[in-house]
Each structure stands twice: as structure tokens, then as C-alpha cells.
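S.K.: Take this structure first; my questions come after.
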Amino acid sequence: MDYLLLITAIIVLLFSLRKISMIKYSKEHSVLKEAKLNALSMVWGVFVISAIIFIPYQVWGLTGGSHDWDGAYTVGLTALLTVAVSFVFYHKISLKSN
């Protein structure tokens with residue numbers, strides 16, 4: 001079950017990043033349109049932040065849930081790796097869509 005939750009969180013993270021990168025802001029200054037796009041970005045951003053928090057926790061649980069330094073290293077390195085992969089994925093998708 002833990003593996004399924006981890007895979008689901010990774011898929012949610014990548015899907016949400018893809019959706020955020022596909023949002024196109026127009027050059028026209030329509031307040032209603034920009035408010036809608038900002039609200040949509042914030043909704044997808046909640047999923048991204050939740051996944052970035054949940055993935056290190058799930059990996060920590062899968063590796064035994066140690067409360068010593070090895071658990072801290074596991075959570076820290078997984079968090080750094082998750083953020084780095086998120087930035088690279090977002091960059092690649094946004095370059096492809098432009």
C-alpha cells in the first residue's frame with residue numbers, strides 16, 4: 001500500500017506540474033481572465049506542494065521510519081531530489097510548450 005501511495009504522489013506531482021506549465025497568460029489585461037488563471041495556478045500549486053511534502057514522508061516510512069540521523073538524511077535527500085526533479089520536469093515541459 002505504501003508503494004502505491006508513493007507512486008500516486010509522484011504521478012500527481014508530475015501531472016500537476018504539467019498542468020501549471022500549460023497555463024498561458026495572455027498579453028491582454030483582462031482582470032477576470034487573469035484572476036481565473038491565478039486561481040487555477042493556485043489550485044494546481046496546492047497539489048504540487050502537497051506532493052513535495054508527502055513524497056519524502058512516504059520514502060521515510062518505506063525505509064523504516066528511523067528517528068535518528070539516517071532518517072533525517074533520508075527525508076532531506078529525498079526532499080532535495082523531489083524539488084530538483086520538479087524543477088527539471090517543469091523546465092522541460094515549459095520549453096516544449098513554447
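Here, A, B, ... name the chains of the C-alpha cells in the order displayed, residue numbers run from 1 inside each chain, and ligands are numbered from 1 in the same displayed order.
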Got a sec: who's within 9 Å of range 82-90 of chain A, counting only C-alpha atoms, leaving out chain neighbours fewer than 3 positions off, as a list in words?

M.R.: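 These residues fall inside the cut-off: Leu13, Leu14, Leu17, Arg18, Ile20, Ser21, Val48, Ile52, Ile55, Pro56, Leu77, Thr78, Ala79, Ile93, Ser94 and Leu95 of chain A.
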
S.K.: If we count only C-alpha atoms and set the cut-off at 12 Å, which residues sit around Gly65 in chain A, ignoring sequence neighbours fewer than 6 positions away in its own chain? Please answer as a list in words.

M.R.: Pro56, Tyr57, Gln58, Val59, Gly71, Ala72, Tyr73, Thr74 and Val75 of chain A

S.K.: Work out how far apart CA of Ile7 in chain A and CA of Lys24 in chain A are and give it in Å to one decimal.

M.R.: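 Atom-to-atom, CA of Ile7 in chain A to CA of Lys24 in chain A, that is 28.4 Å.
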
S.K.: Determine, counting only C-alpha atoms, which protein, DNA and RNA residues have an atom within 8 Å of an atom of range 39-46 of chain A; residues of the same chain fewer than 3 positions away are not included. Present the result as a list in words.

M.R.: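 Within the cut-off, the hits are Ser16, Leu17, Lys19, Ile20, Ile23, Ala35, Lys36, Ile49 and Ser50 of chain A.
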
S.K.: Taking the chain letters and numbering used in this document, name the residues of range 2-67 of chain A that DSSP puts in helix (DSSP H, G or I), as JSON, numbers by chain.

M.R.: {"A": [2, 3, 4, 5, 6, 7, 8, 9, 10, 11, 12, 13, 14, 15, 16, 17, 18, 19, 20, 21, 22, 31, 32, 33, 34, 35, 36, 37, 38, 39, 40, 41, 42, 43, 44, 45, 46, 47, 48, 49, 50, 51, 52, 53, 54, 55, 56, 57, 58, 59, 60, 61, 62]}

S.K.: Mind giving me the straight-line distance from CA of Leu62 in chain A to CA of Met1 in chain A in Å, one decimal?

M.R.: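 A separation of 10.3 Å between them.
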
S.K.: Have a look at CA of Asp70 in chain A and CA of Ile10 in chain A and let me know their distance in Å, one decimal.

M.R.: 22.8 Å
